[in-house]
Protein chains: 2
Amino acid sequence: MKADALRGHLDSLILAVVEKQPLHGYAIIEALSARSGGELDLPTGTIYPALRRLEKAGYLDSSWSEVGGRKRRTYELSSAGRSALAAHRQEWRTFAKVVSGVLGEA
Amino acid sequence: MKADALRGHLDSLILAVVEKQPLHGYAIIEALSARSGGELDLPTGTIYPALRRLEKAGYLDSSWSEVGGRKRRTYELSSAGRSALAAHRQEWRTFAKVVSGVLGEA
DNA sequence: TGGCTATAGGTAGCCTGGCAACATGTATGA
DNA sequence: TCATACATGTTGCCAGGCTACCTATAGCCA
């Protein structure tokens with residue numbers, strides 16, 4: 001899958017993956033991989049900055065914990081994040097419809 | 001629709017729109033708008049550089065003509081462009097499936 | 001005559017965000 | 001002892017869509 005196809009869609013994916021339960025960064029990468037059947041294998045240089053961006057935007061809240069001697073920063077969806085996710089889902093539906101429509105190949 | 005959602009998908013759309021008949025830049029903008037039900041209203045600063053890029057990549061061939069006193073540069077799909085389009089369609093299918101899958105809410 | 005709109009082409013430069021590459025540290029098992 | 005999985009982060013590159021411009025013709029209306 002082309003690298004920059006993701007541009008502008010990553011935020012939605014991250015928000016969706018922490019929707020049901022809070023996850024830490026590393027687990028988010030794994031969750032995205034699992035949920036995509038291995039198609040998504042995002043580097044940390046992509047995911048960590050994105051998480052900070054989303055927290056700064058008020059869509060995620062984070063908290064530190066320690067599990068088995070390792071520090072984790074766990075992110076959970078804020079209420080603003082929840083509505084942002086709903087909006088992103090709607091936008092995705094429109095976008096997908098538009099692209100599929102133009103690509104045609106009926 | 002968010003601006004950079006298009007990132008990485010524009011080429012496919014352009015190739016698709018000139019698949020059946022050659023079109024000039026201005027007509028491509030209109031065709032994209034029409035085919036998307038008005039969702040896509042791309043500025044010339046987006047489309048013209050993209051067309052040059054696609055021609056340089058060997059996916060489009062262009063030729064000048066004059067219609068009603070106005071010069072037109074008409075683009076048509078090359079054979080390389082045709083296979084690129086097929087590949088792009090496949091990639092889009094995968095991408096759409098992945099994103100829809102992760103967004104869930106089946 | 002002047003001005004507006006539609007048609008038609010183009011460029012320069014900004015800005016965003018995903019990614020490669022790098023840096024740091026712990027736990028575990030061979 | 002060393003490799004690998006787990007875990008978090010930063011710096012800086014760069015592709016590419018967009019804003020803001022510029023040029024030019026045709027046709028219409030006042």
# chains A, B, ... in the order shown; residues from 1 in each chain; ligands from 1
call {"tool": "select_by_dssp", "arguments": {"residues": "chain A", "states": "strand (DSSP E or B)", "output": "ChimeraX atom specification"}}
result
/A:23-24,60-67,70-77
call {"tool": "interface_residues", "arguments": {"of": "chain C", "to": "chain B", "cutoff": "8 Å", "atoms": "only C-alpha atoms (C1' of nucleotides)", "output": "ChimeraX atom specification"}}
result
/C:7-10
call {"tool": "write_last_selection", "arguments": {"atoms": "N, CA and C atoms (P, O5', C5', C4', C3', O3' and C1' of nucleotides)", "output": "mmCIF file, in the first residue's frame"}}
result
data_model
loop_
_atom_site.group_PDB
_atom_site.id
_atom_site.type_symbol
_atom_site.label_atom_id
_atom_site.label_comp_id
_atom_site.auth_asym_id
_atom_site.auth_seq_id
_atom_site.Cartn_x
_atom_site.Cartn_y
_atom_site.Cartn_z
ATOM 1 P P DT C 7 -17.535 27.647 -18.684
ATOM 2 O "O5'" DT C 7 -16.203 27.824 -19.555
ATOM 3 C "C5'" DT C 7 -16.335 28.144 -20.924
ATOM 4 C "C4'" DT C 7 -14.977 28.385 -21.536
ATOM 5 C "C3'" DT C 7 -13.982 27.221 -21.353
ATOM 6 O "O3'" DT C 7 -13.554 26.807 -22.627
ATOM 7 C "C1'" DT C 7 -12.965 29.291 -20.824
ATOM 8 P P DA C 8 -12.807 25.442 -22.788
ATOM 9 O "O5'" DA C 8 -11.351 25.760 -22.205
ATOM 10 C "C5'" DA C 8 -10.274 26.015 -23.097
ATOM 11 C "C4'" DA C 8 -9.034 26.474 -22.383
ATOM 12 C "C3'" DA C 8 -8.400 25.551 -21.329
ATOM 13 O "O3'" DA C 8 -7.550 24.600 -21.949
ATOM 14 C "C1'" DA C 8 -8.042 27.915 -20.942
ATOM 15 P P DG C 9 -6.660 23.658 -20.966
ATOM 16 O "O5'" DG C 9 -5.417 24.599 -20.591
ATOM 17 C "C5'" DG C 9 -4.542 25.005 -21.625
ATOM 18 C "C4'" DG C 9 -3.508 25.955 -21.090
ATOM 19 C "C3'" DG C 9 -2.647 25.331 -19.984
ATOM 20 O "O3'" DG C 9 -1.443 24.828 -20.500
ATOM 21 C "C1'" DG C 9 -3.294 27.591 -19.498
ATOM 22 P P DG C 10 -0.564 23.840 -19.553
ATOM 23 O "O5'" DG C 10 0.050 24.804 -18.432
ATOM 24 C "C5'" DG C 10 0.963 25.791 -18.862
ATOM 25 C "C4'" DG C 10 1.190 26.814 -17.785
ATOM 26 C "C3'" DG C 10 1.865 26.322 -16.510
ATOM 27 O "O3'" DG C 10 3.243 26.158 -16.724
ATOM 28 C "C1'" DG C 10 0.316 28.125 -16.163
#
call {"tool": "interface_residues", "arguments": {"of": "chain B", "to": "chain A", "cutoff": "10 Å", "atoms": "only C-alpha atoms", "output": "ChimeraX atom specification"}}
result
/B:1-10,12-17,19,31-40,85-86,88-105
call {"tool": "write_last_selection", "arguments": {"atoms": "C-alpha atoms", "output": "PDB file, in the first residue's frame"}}
result
ATOM      1  CA  MET B   1     -14.045  17.162   2.400  1.00  0.00           C
ATOM      2  CA  LYS B   2     -10.648  17.552   4.025  1.00  0.00           C
ATOM      3  CA  ALA B   3      -7.920  18.805   1.751  1.00  0.00           C
ATOM      4  CA  ASP B   4      -5.210  16.230   2.316  1.00  0.00           C
ATOM      5  CA  ALA B   5      -7.538  13.253   2.311  1.00  0.00           C
ATOM      6  CA  LEU B   6      -6.929  13.323  -1.421  1.00  0.00           C
ATOM      7  CA  ARG B   7      -3.193  12.916  -0.931  1.00  0.00           C
ATOM      8  CA  GLY B   8      -2.035   9.937  -2.936  1.00  0.00           C
ATOM      9  CA  HIS B   9      -5.387   9.342  -4.591  1.00  0.00           C
ATOM     10  CA  LEU B  10      -5.519  12.220  -7.040  1.00  0.00           C
ATOM     11  CA  SER B  12      -5.921   7.590  -9.816  1.00  0.00           C
ATOM     12  CA  LEU B  13      -8.839   9.945 -10.227  1.00  0.00           C
ATOM     13  CA  ILE B  14      -7.212  11.815 -13.090  1.00  0.00           C
ATOM     14  CA  LEU B  15      -6.198   8.646 -14.883  1.00  0.00           C
ATOM     15  CA  ALA B  16      -9.714   7.267 -14.479  1.00  0.00           C
ATOM     16  CA  VAL B  17     -11.336  10.347 -15.915  1.00  0.00           C
ATOM     17  CA  GLU B  19      -9.666   6.576 -19.513  1.00  0.00           C
ATOM     18  CA  ALA B  31     -15.397  15.982 -15.255  1.00  0.00           C
ATOM     19  CA  LEU B  32     -14.160  15.307 -11.728  1.00  0.00           C
ATOM     20  CA  SER B  33     -16.719  17.680 -10.334  1.00  0.00           C
ATOM     21  CA  ALA B  34     -19.495  16.083 -12.367  1.00  0.00           C
ATOM     22  CA  ARG B  35     -18.479  12.512 -11.586  1.00  0.00           C
ATOM     23  CA  SER B  36     -18.303  13.279  -7.876  1.00  0.00           C
ATOM     24  CA  GLY B  37     -21.638  15.009  -7.675  1.00  0.00           C
ATOM     25  CA  GLY B  38     -19.939  18.318  -7.028  1.00  0.00           C
ATOM     26  CA  GLU B  39     -17.813  17.062  -4.124  1.00  0.00           C
ATOM     27  CA  LEU B  40     -14.586  17.596  -6.003  1.00  0.00           C
ATOM     28  CA  LEU B  85      -4.710   2.814 -13.462  1.00  0.00           C
ATOM     29  CA  ALA B  86      -5.448  -0.868 -13.053  1.00  0.00           C
ATOM     30  CA  HIS B  88      -4.281   2.043  -8.621  1.00  0.00           C
ATOM     31  CA  ARG B  89      -7.759   0.554  -8.679  1.00  0.00           C
ATOM     32  CA  GLN B  90      -6.475  -2.535  -6.954  1.00  0.00           C
ATOM     33  CA  GLU B  91      -4.647  -0.464  -4.370  1.00  0.00           C
ATOM     34  CA  TRP B  92      -7.727   1.619  -3.756  1.00  0.00           C
ATOM     35  CA  ARG B  93      -9.816  -1.484  -3.155  1.00  0.00           C
ATOM     36  CA  THR B  94      -7.312  -2.698  -0.579  1.00  0.00           C
ATOM     37  CA  PHE B  95      -7.016   0.702   1.033  1.00  0.00           C
ATOM     38  CA  ALA B  96     -10.765   1.219   1.254  1.00  0.00           C
ATOM     39  CA  LYS B  97     -11.204  -2.223   2.719  1.00  0.00           C
ATOM     40  CA  VAL B  98      -8.525  -1.609   5.330  1.00  0.00           C
ATOM     41  CA  VAL B  99      -9.848   1.777   6.401  1.00  0.00           C
ATOM     42  CA  SER B 100     -13.455   0.637   6.456  1.00  0.00           C
ATOM     43  CA  GLY B 101     -12.378  -2.411   8.399  1.00  0.00           C
ATOM     44  CA  VAL B 102     -10.516  -0.450  11.044  1.00  0.00           C
ATOM     45  CA  LEU B 103     -13.208   2.190  11.317  1.00  0.00           C
ATOM     46  CA  GLY B 104     -15.473  -0.724  12.009  1.00  0.00           C
ATOM     47  CA  GLU B 105     -19.092   0.099  12.685  1.00  0.00           C
TER      48      GLU B 105
END
call {"tool": "closest_residue", "arguments": {"among": "B:Ala87, B:Val18, B:Asp11, B:Gly69", "to": "D:DA24", "atoms": "only C-alpha atoms (C1' of nucleotides)"}}
result
B:Gly69
call {"tool": "calpha_fit_and_write", "arguments": {"fixed": "chain B", "moving": "chain A", "output": "tab-separated table (two decimals) with N, CA and C atoms, in the first residue's frame"}}
result
chain	number	residue	atom	x	y	z
A	1	MET	N	-15.21	18.10	2.37
A	1	MET	CA	-14.21	17.03	2.40
A	1	MET	C	-12.83	17.61	2.71
A	2	LYS	N	-12.17	17.00	3.66
A	2	LYS	CA	-10.83	17.45	4.06
A	2	LYS	C	-9.86	17.50	2.88
A	3	ALA	N	-9.03	18.52	2.90
A	3	ALA	CA	-8.11	18.77	1.80
A	3	ALA	C	-7.16	17.61	1.55
A	4	ASP	N	-6.41	17.23	2.58
A	4	ASP	CA	-5.35	16.28	2.34
A	4	ASP	C	-5.79	14.82	2.36
A	5	ALA	N	-7.08	14.60	2.37
A	5	ALA	CA	-7.58	13.24	2.26
A	5	ALA	C	-7.27	12.70	0.87
A	6	LEU	N	-7.18	13.61	-0.05
A	6	LEU	CA	-6.95	13.28	-1.46
A	6	LEU	C	-5.54	12.79	-1.71
A	7	ARG	N	-4.63	13.24	-0.83
A	7	ARG	CA	-3.21	12.91	-0.94
A	7	ARG	C	-2.98	11.46	-1.36
A	8	GLY	N	-2.38	11.29	-2.52
A	8	GLY	CA	-2.04	9.93	-2.93
A	8	GLY	C	-3.14	9.24	-3.73
A	9	HIS	N	-4.30	9.93	-3.87
A	9	HIS	CA	-5.40	9.32	-4.61
A	9	HIS	C	-5.74	10.11	-5.86
A	10	LEU	N	-5.20	11.31	-5.95
A	10	LEU	CA	-5.52	12.19	-7.07
A	10	LEU	C	-5.12	11.59	-8.42
A	11	ASP	N	-3.94	11.02	-8.48
A	11	ASP	CA	-3.46	10.45	-9.73
A	11	ASP	C	-4.44	9.43	-10.29
A	12	SER	N	-4.94	8.58	-9.44
A	12	SER	CA	-5.90	7.57	-9.86
A	12	SER	C	-7.13	8.21	-10.47
A	13	LEU	N	-7.61	9.26	-9.82
A	13	LEU	CA	-8.82	9.92	-10.28
A	13	LEU	C	-8.62	10.53	-11.66
A	14	ILE	N	-7.49	11.17	-11.86
A	14	ILE	CA	-7.20	11.79	-13.14
A	14	ILE	C	-7.08	10.74	-14.24
A	15	LEU	N	-6.34	9.69	-13.95
A	15	LEU	CA	-6.18	8.64	-14.95
A	15	LEU	C	-7.53	8.03	-15.32
A	16	ALA	N	-8.38	7.86	-14.31
A	16	ALA	CA	-9.69	7.24	-14.55
A	16	ALA	C	-10.56	8.11	-15.45
A	17	VAL	N	-10.43	9.42	-15.27
A	17	VAL	CA	-11.32	10.33	-15.99
A	17	VAL	C	-10.94	10.50	-17.46
A	18	VAL	N	-9.69	10.23	-17.78
A	18	VAL	CA	-9.27	10.31	-19.19
A	18	VAL	C	-9.20	8.92	-19.82
A	19	GLU	N	-9.72	7.95	-19.09
A	19	GLU	CA	-9.64	6.58	-19.58
A	19	GLU	C	-10.42	6.38	-20.88
A	20	LYS	N	-11.64	6.87	-20.89
A	20	LYS	CA	-12.49	6.61	-22.05
A	20	LYS	C	-12.32	7.60	-23.18
A	21	GLN	N	-12.07	8.88	-22.82
A	21	GLN	CA	-11.75	9.84	-23.89
A	21	GLN	C	-10.74	10.85	-23.39
A	22	PRO	N	-9.86	11.28	-24.30
A	22	PRO	CA	-8.87	12.30	-23.95
A	22	PRO	C	-9.58	13.58	-23.55
A	23	LEU	N	-9.01	14.29	-22.59
A	23	LEU	CA	-9.59	15.54	-22.13
A	23	LEU	C	-8.48	16.56	-21.88
A	24	HIS	N	-8.83	17.83	-21.94
A	24	HIS	CA	-7.86	18.87	-21.58
A	24	HIS	C	-8.09	19.24	-20.13
A	25	GLY	N	-7.09	19.90	-19.51
A	25	GLY	CA	-7.09	20.19	-18.10
A	25	GLY	C	-8.38	20.73	-17.52
A	26	TYR	N	-8.86	21.77	-18.16
A	26	TYR	CA	-10.07	22.42	-17.67
A	26	TYR	C	-11.26	21.44	-17.68
A	27	ALA	N	-11.31	20.65	-18.72
A	27	ALA	CA	-12.39	19.66	-18.85
A	27	ALA	C	-12.25	18.55	-17.81
A	28	ILE	N	-11.01	18.27	-17.43
A	28	ILE	CA	-10.77	17.24	-16.41
A	28	ILE	C	-11.32	17.71	-15.06
A	29	ILE	N	-11.09	18.98	-14.76
A	29	ILE	CA	-11.63	19.55	-13.53
A	29	ILE	C	-13.15	19.44	-13.51
A	30	GLU	N	-13.76	19.77	-14.64
A	30	GLU	CA	-15.22	19.69	-14.73
A	30	GLU	C	-15.72	18.25	-14.66
A	31	ALA	N	-14.98	17.37	-15.31
A	31	ALA	CA	-15.38	15.96	-15.31
A	31	ALA	C	-15.32	15.38	-13.90
A	32	LEU	N	-14.28	15.77	-13.16
A	32	LEU	CA	-14.14	15.28	-11.79
A	32	LEU	C	-15.28	15.81	-10.92
A	33	SER	N	-15.62	17.05	-11.16
A	33	SER	CA	-16.73	17.63	-10.40
A	33	SER	C	-18.04	16.91	-10.72
A	34	ALA	N	-18.26	16.69	-12.00
A	34	ALA	CA	-19.49	16.03	-12.43
A	34	ALA	C	-19.58	14.60	-11.91
A	35	ARG	N	-18.49	13.87	-12.07
A	35	ARG	CA	-18.47	12.47	-11.67
A	35	ARG	C	-18.57	12.27	-10.17
A	36	SER	N	-18.29	13.34	-9.41
A	36	SER	CA	-18.30	13.22	-7.96
A	36	SER	C	-19.53	13.89	-7.36
A	37	GLY	N	-20.44	14.27	-8.24
A	37	GLY	CA	-21.64	14.93	-7.75
A	37	GLY	C	-21.34	16.26	-7.10
A	38	GLY	N	-20.30	16.93	-7.61
A	38	GLY	CA	-19.96	18.25	-7.09
A	38	GLY	C	-19.04	18.24	-5.89
A	39	GLU	N	-18.72	17.07	-5.38
A	39	GLU	CA	-17.84	16.99	-4.20
A	39	GLU	C	-16.43	17.47	-4.51
A	40	LEU	N	-15.95	17.15	-5.69
A	40	LEU	CA	-14.59	17.54	-6.06
A	40	LEU	C	-14.61	18.81	-6.88
A	41	ASP	N	-13.96	19.84	-6.35
A	41	ASP	CA	-13.85	21.09	-7.09
A	41	ASP	C	-12.39	21.51	-6.99
A	42	LEU	N	-11.57	20.87	-7.80
A	42	LEU	CA	-10.13	21.02	-7.66
A	42	LEU	C	-9.60	22.28	-8.32
A	43	PRO	N	-8.75	23.01	-7.60
A	43	PRO	CA	-8.15	24.23	-8.13
A	43	PRO	C	-7.12	23.89	-9.21
A	44	THR	N	-6.88	24.85	-10.08
A	44	THR	CA	-5.93	24.62	-11.18
A	44	THR	C	-4.53	24.33	-10.63
A	45	GLY	N	-4.22	24.93	-9.51
A	45	GLY	CA	-2.92	24.71	-8.90
A	45	GLY	C	-2.72	23.29	-8.44
A	46	THR	N	-3.80	22.56	-8.40
A	46	THR	CA	-3.71	21.14	-8.06
A	46	THR	C	-3.63	20.30	-9.34
A	47	ILE	N	-4.50	20.61	-10.26
A	47	ILE	CA	-4.65	19.74	-11.43
A	47	ILE	C	-3.51	19.87	-12.46
A	48	TYR	N	-3.10	21.09	-12.76
A	48	TYR	CA	-2.08	21.25	-13.80
A	48	TYR	C	-0.73	20.65	-13.42
A	49	PRO	N	-0.26	20.91	-12.23
A	49	PRO	CA	1.00	20.24	-11.84
A	49	PRO	C	0.86	18.72	-11.85
A	50	ALA	N	-0.31	18.24	-11.47
A	50	ALA	CA	-0.52	16.79	-11.44
A	50	ALA	C	-0.46	16.20	-12.85
A	51	LEU	N	-1.04	16.93	-13.80
A	51	LEU	CA	-1.01	16.47	-15.19
A	51	LEU	C	0.42	16.40	-15.72
A	52	ARG	N	1.20	17.41	-15.41
A	52	ARG	CA	2.60	17.42	-15.85
A	52	ARG	C	3.36	16.26	-15.22
A	53	ARG	N	3.06	16.04	-13.95
A	53	ARG	CA	3.72	14.95	-13.23
A	53	ARG	C	3.40	13.60	-13.89
A	54	LEU	N	2.11	13.45	-14.23
A	54	LEU	CA	1.68	12.19	-14.83
A	54	LEU	C	2.23	12.00	-16.24
A	55	GLU	N	2.38	13.11	-16.94
A	55	GLU	CA	2.96	12.99	-18.28
A	55	GLU	C	4.44	12.63	-18.17
A	56	LYS	N	5.10	13.30	-17.24
A	56	LYS	CA	6.52	13.04	-17.03
A	56	LYS	C	6.76	11.58	-16.63
A	57	ALA	N	5.80	11.05	-15.89
A	57	ALA	CA	5.91	9.67	-15.43
A	57	ALA	C	5.58	8.68	-16.55
A	58	GLY	N	5.09	9.22	-17.67
A	58	GLY	CA	4.80	8.37	-18.81
A	58	GLY	C	3.40	7.77	-18.82
A	59	TYR	N	2.54	8.30	-17.95
A	59	TYR	CA	1.19	7.76	-17.87
A	59	TYR	C	0.21	8.49	-18.77
A	60	LEU	N	0.58	9.69	-19.17
A	60	LEU	CA	-0.27	10.49	-20.05
A	60	LEU	C	0.56	11.02	-21.21
A	61	ASP	N	-0.10	11.18	-22.36
A	61	ASP	CA	0.51	11.87	-23.49
A	61	ASP	C	-0.33	13.11	-23.76
A	62	SER	N	0.33	14.20	-24.14
A	62	SER	CA	-0.43	15.42	-24.38
A	62	SER	C	-0.21	15.96	-25.79
A	63	SER	N	-1.19	16.71	-26.25
A	63	SER	CA	-1.05	17.36	-27.57
A	63	SER	C	-1.87	18.64	-27.57
A	64	TRP	N	-1.33	19.67	-28.27
A	64	TRP	CA	-2.00	20.96	-28.31
A	64	TRP	C	-3.00	21.02	-29.46
A	65	SER	N	-4.05	21.79	-29.21
A	65	SER	CA	-5.00	22.04	-30.29
A	65	SER	C	-5.63	23.40	-30.01
A	66	GLU	N	-6.37	23.89	-30.99
A	66	GLU	CA	-7.02	25.18	-30.78
A	66	GLU	C	-8.50	25.06	-31.11
A	67	VAL	N	-9.31	25.43	-30.16
A	67	VAL	CA	-10.76	25.33	-30.35
A	67	VAL	C	-11.37	26.67	-30.00
A	68	GLY	N	-11.99	27.28	-31.00
A	68	GLY	CA	-12.65	28.57	-30.79
A	68	GLY	C	-11.69	29.64	-30.32
A	69	GLY	N	-10.50	29.65	-30.90
A	69	GLY	CA	-9.52	30.68	-30.54
A	69	GLY	C	-8.80	30.44	-29.24
A	70	ARG	N	-9.15	29.35	-28.58
A	70	ARG	CA	-8.48	29.05	-27.31
A	70	ARG	C	-7.60	27.81	-27.41
A	71	LYS	N	-6.43	27.91	-26.85
A	71	LYS	CA	-5.50	26.78	-26.90
A	71	LYS	C	-5.82	25.77	-25.82
A	72	ARG	N	-5.76	24.55	-26.24
A	72	ARG	CA	-5.99	23.46	-25.30
A	72	ARG	C	-4.87	22.45	-25.36
A	73	ARG	N	-4.52	21.94	-24.19
A	73	ARG	CA	-3.58	20.83	-24.18
A	73	ARG	C	-4.37	19.60	-23.76
A	74	THR	N	-4.52	18.70	-24.67
A	74	THR	CA	-5.34	17.52	-24.41
A	74	THR	C	-4.47	16.33	-23.98
A	75	TYR	N	-4.94	15.70	-22.92
A	75	TYR	CA	-4.19	14.56	-22.38
A	75	TYR	C	-4.92	13.27	-22.67
A	76	GLU	N	-4.14	12.26	-23.03
A	76	GLU	CA	-4.75	10.94	-23.17
A	76	GLU	C	-3.91	9.89	-22.47
A	77	LEU	N	-4.56	8.83	-22.08
A	77	LEU	CA	-3.92	7.76	-21.33
A	77	LEU	C	-2.95	6.99	-22.23
A	78	SER	N	-1.72	6.79	-21.76
A	78	SER	CA	-0.76	5.96	-22.49
A	78	SER	C	-1.00	4.51	-22.07
A	79	SER	N	-0.31	3.61	-22.69
A	79	SER	CA	-0.51	2.21	-22.31
A	79	SER	C	0.05	1.96	-20.91
A	80	ALA	N	1.15	2.67	-20.60
A	80	ALA	CA	1.69	2.56	-19.24
A	80	ALA	C	0.68	3.12	-18.24
A	81	GLY	N	-0.01	4.20	-18.66
A	81	GLY	CA	-1.02	4.80	-17.81
A	81	GLY	C	-2.17	3.85	-17.56
A	82	ARG	N	-2.47	3.08	-18.60
A	82	ARG	CA	-3.57	2.13	-18.49
A	82	ARG	C	-3.26	1.05	-17.44
A	83	SER	N	-2.06	0.57	-17.44
A	83	SER	CA	-1.73	-0.45	-16.44
A	83	SER	C	-1.57	0.18	-15.06
A	84	ALA	N	-1.07	1.43	-15.04
A	84	ALA	CA	-0.96	2.12	-13.76
A	84	ALA	C	-2.36	2.30	-13.15
A	85	LEU	N	-3.31	2.62	-13.99
A	85	LEU	CA	-4.68	2.81	-13.52
A	85	LEU	C	-5.23	1.51	-12.93
A	86	ALA	N	-4.95	0.42	-13.62
A	86	ALA	CA	-5.41	-0.88	-13.12
A	86	ALA	C	-4.80	-1.16	-11.75
A	87	ALA	N	-3.51	-0.86	-11.62
A	87	ALA	CA	-2.82	-1.08	-10.34
A	87	ALA	C	-3.41	-0.19	-9.25
A	88	HIS	N	-3.68	1.08	-9.62
A	88	HIS	CA	-4.25	2.02	-8.66
A	88	HIS	C	-5.63	1.57	-8.20
A	89	ARG	N	-6.38	1.02	-9.12
A	89	ARG	CA	-7.72	0.53	-8.75
A	89	ARG	C	-7.60	-0.58	-7.73
A	90	GLN	N	-6.65	-1.47	-7.95
A	90	GLN	CA	-6.44	-2.57	-7.02
A	90	GLN	C	-6.02	-2.04	-5.65
A	91	GLU	N	-5.09	-1.08	-5.68
A	91	GLU	CA	-4.62	-0.49	-4.43
A	91	GLU	C	-5.74	0.22	-3.68
A	92	TRP	N	-6.58	0.88	-4.43
A	92	TRP	CA	-7.71	1.58	-3.81
A	92	TRP	C	-8.64	0.59	-3.13
A	93	ARG	N	-8.90	-0.51	-3.80
A	93	ARG	CA	-9.78	-1.53	-3.22
A	93	ARG	C	-9.23	-2.01	-1.88
A	94	THR	N	-7.93	-2.28	-1.86
A	94	THR	CA	-7.29	-2.73	-0.63
A	94	THR	C	-7.38	-1.64	0.45
A	95	PHE	N	-7.02	-0.44	0.04
A	95	PHE	CA	-7.02	0.68	0.99
A	95	PHE	C	-8.40	0.90	1.59
A	96	ALA	N	-9.39	0.92	0.74
A	96	ALA	CA	-10.77	1.18	1.19
A	96	ALA	C	-11.22	0.08	2.15
A	97	LYS	N	-10.83	-1.14	1.83
A	97	LYS	CA	-11.20	-2.27	2.67
A	97	LYS	C	-10.54	-2.14	4.05
A	98	VAL	N	-9.28	-1.78	4.04
A	98	VAL	CA	-8.54	-1.63	5.29
A	98	VAL	C	-9.15	-0.53	6.15
A	99	VAL	N	-9.36	0.64	5.57
A	99	VAL	CA	-9.88	1.75	6.35
A	99	VAL	C	-11.30	1.45	6.84
A	100	SER	N	-12.14	0.95	5.96
A	100	SER	CA	-13.50	0.62	6.38
A	100	SER	C	-13.46	-0.41	7.49
A	101	GLY	N	-12.55	-1.37	7.34
A	101	GLY	CA	-12.42	-2.42	8.34
A	101	GLY	C	-12.02	-1.88	9.70
A	102	VAL	N	-11.05	-0.99	9.71
A	102	VAL	CA	-10.58	-0.44	10.98
A	102	VAL	C	-11.63	0.49	11.59
A	103	LEU	N	-12.25	1.29	10.73
A	103	LEU	CA	-13.29	2.21	11.23
A	103	LEU	C	-14.45	1.42	11.83
A	104	GLY	N	-14.64	0.23	11.31
A	104	GLY	CA	-15.62	-0.67	11.90
A	104	GLY	C	-17.01	-0.09	11.98
A	105	GLU	N	-17.43	0.25	13.18
A	105	GLU	CA	-18.78	0.75	13.44
A	105	GLU	C	-19.80	-0.17	12.82
A	106	ALA	N	-19.48	-1.44	12.89
A	106	ALA	CA	-20.26	-2.52	12.28
A	106	ALA	C	-21.74	-2.21	12.18
call {"tool": "interface_residues", "arguments": {"of": "chain D", "to": "chain B", "cutoff": "12 Å", "atoms": "only C-alpha atoms (C1' of nucleotides)", "output": "short mmCIF file (atom, residue, chain, number, x, y, z; two decimals) with N, CA and C atoms (P, O5', C5', C4', C3', O3' and C1' of nucleotides), in the first residue's frame"}}
result
data_model
loop_
_atom_site.label_atom_id
_atom_site.label_comp_id
_atom_site.auth_asym_id
_atom_site.auth_seq_id
_atom_site.Cartn_x
_atom_site.Cartn_y
_atom_site.Cartn_z
P DA D 15 10.59 14.03 -2.95
"O5'" DA D 15 9.13 13.52 -3.30
"C5'" DA D 15 8.57 12.50 -2.48
"C4'" DA D 15 7.11 12.77 -2.24
"C3'" DA D 15 6.37 13.28 -3.48
"O3'" DA D 15 5.15 12.58 -3.53
"C1'" DA D 15 6.10 14.81 -1.67
P DG D 16 4.31 12.64 -4.86
"O5'" DG D 16 3.16 13.66 -4.49
"C5'" DG D 16 2.41 13.49 -3.31
"C4'" DG D 16 1.60 14.73 -3.05
"C3'" DG D 16 1.07 15.40 -4.33
"O3'" DG D 16 -0.23 15.87 -4.07
"C1'" DG D 16 2.24 16.95 -3.06
P DG D 17 -1.49 15.37 -4.91
"O5'" DG D 17 -2.64 16.29 -4.31
"C5'" DG D 17 -3.01 16.19 -2.95
"C4'" DG D 17 -3.29 17.57 -2.38
"C3'" DG D 17 -4.16 18.47 -3.27
"O3'" DG D 17 -5.16 19.06 -2.46
"C1'" DG D 17 -2.14 19.59 -2.68
P DC D 18 -6.31 20.04 -3.02
"O5'" DC D 18 -5.73 21.45 -2.58
"C5'" DC D 18 -5.42 21.65 -1.21
"C4'" DC D 18 -4.91 23.06 -1.02
"C3'" DC D 18 -5.70 24.12 -1.80
"O3'" DC D 18 -6.09 25.15 -0.90
"C1'" DC D 18 -3.36 24.30 -2.27
P DT D 19 -7.13 26.26 -1.43
"O5'" DT D 19 -6.31 27.61 -1.17
"C5'" DT D 19 -5.47 27.72 -0.03
"C4'" DT D 19 -4.52 28.90 -0.21
"C3'" DT D 19 -5.16 30.14 -0.82
"O3'" DT D 19 -4.71 31.28 -0.10
"C1'" DT D 19 -3.29 29.47 -2.13
P DA D 20 -5.46 32.73 -0.35
"O5'" DA D 20 -4.45 33.43 -1.35
"C5'" DA D 20 -3.04 33.29 -1.13
"C4'" DA D 20 -2.29 33.79 -2.34
"C3'" DA D 20 -3.00 34.91 -3.11
"O3'" DA D 20 -2.11 36.00 -3.26
"C1'" DA D 20 -2.28 33.21 -4.59
P DC D 21 -2.62 37.47 -3.74
"O5'" DC D 21 -1.70 37.69 -5.01
"C5'" DC D 21 -2.12 37.14 -6.23
"C4'" DC D 21 -0.95 36.72 -7.04
"C3'" DC D 21 -1.08 37.29 -8.44
"O3'" DC D 21 -0.12 38.31 -8.64
"C1'" DC D 21 -0.82 34.88 -8.48
P DA D 24 -0.35 38.35 -22.13
"O5'" DA D 24 -1.62 37.62 -22.75
"C5'" DA D 24 -1.49 36.31 -23.29
"C4'" DA D 24 -2.87 35.77 -23.62
"C3'" DA D 24 -3.81 36.81 -24.25
"O3'" DA D 24 -4.01 36.46 -25.62
"C1'" DA D 24 -4.91 35.44 -22.64
P DT D 25 -5.00 37.42 -26.55
"O5'" DT D 25 -6.29 36.53 -26.71
"C5'" DT D 25 -6.18 35.18 -27.17
"C4'" DT D 25 -7.55 34.52 -27.12
"C3'" DT D 25 -8.64 35.31 -27.87
"O3'" DT D 25 -9.40 34.40 -28.64
"C1'" DT D 25 -9.30 34.91 -25.63
P DA D 26 -10.41 35.01 -29.77
"O5'" DA D 26 -11.82 34.71 -29.10
"C5'" DA D 26 -12.09 33.42 -28.55
"C4'" DA D 26 -13.51 33.40 -28.01
"C3'" DA D 26 -14.53 34.24 -28.78
"O3'" DA D 26 -15.70 33.47 -28.96
"C1'" DA D 26 -14.48 34.91 -26.50
P DG D 27 -16.95 34.06 -29.81
"O5'" DG D 27 -17.92 34.57 -28.65
"C5'" DG D 27 -18.19 33.72 -27.53
"C4'" DG D 27 -19.11 34.45 -26.57
"C3'" DG D 27 -20.12 35.37 -27.26
"O3'" DG D 27 -21.39 35.19 -26.64
"C1'" DG D 27 -18.90 36.58 -25.66
#
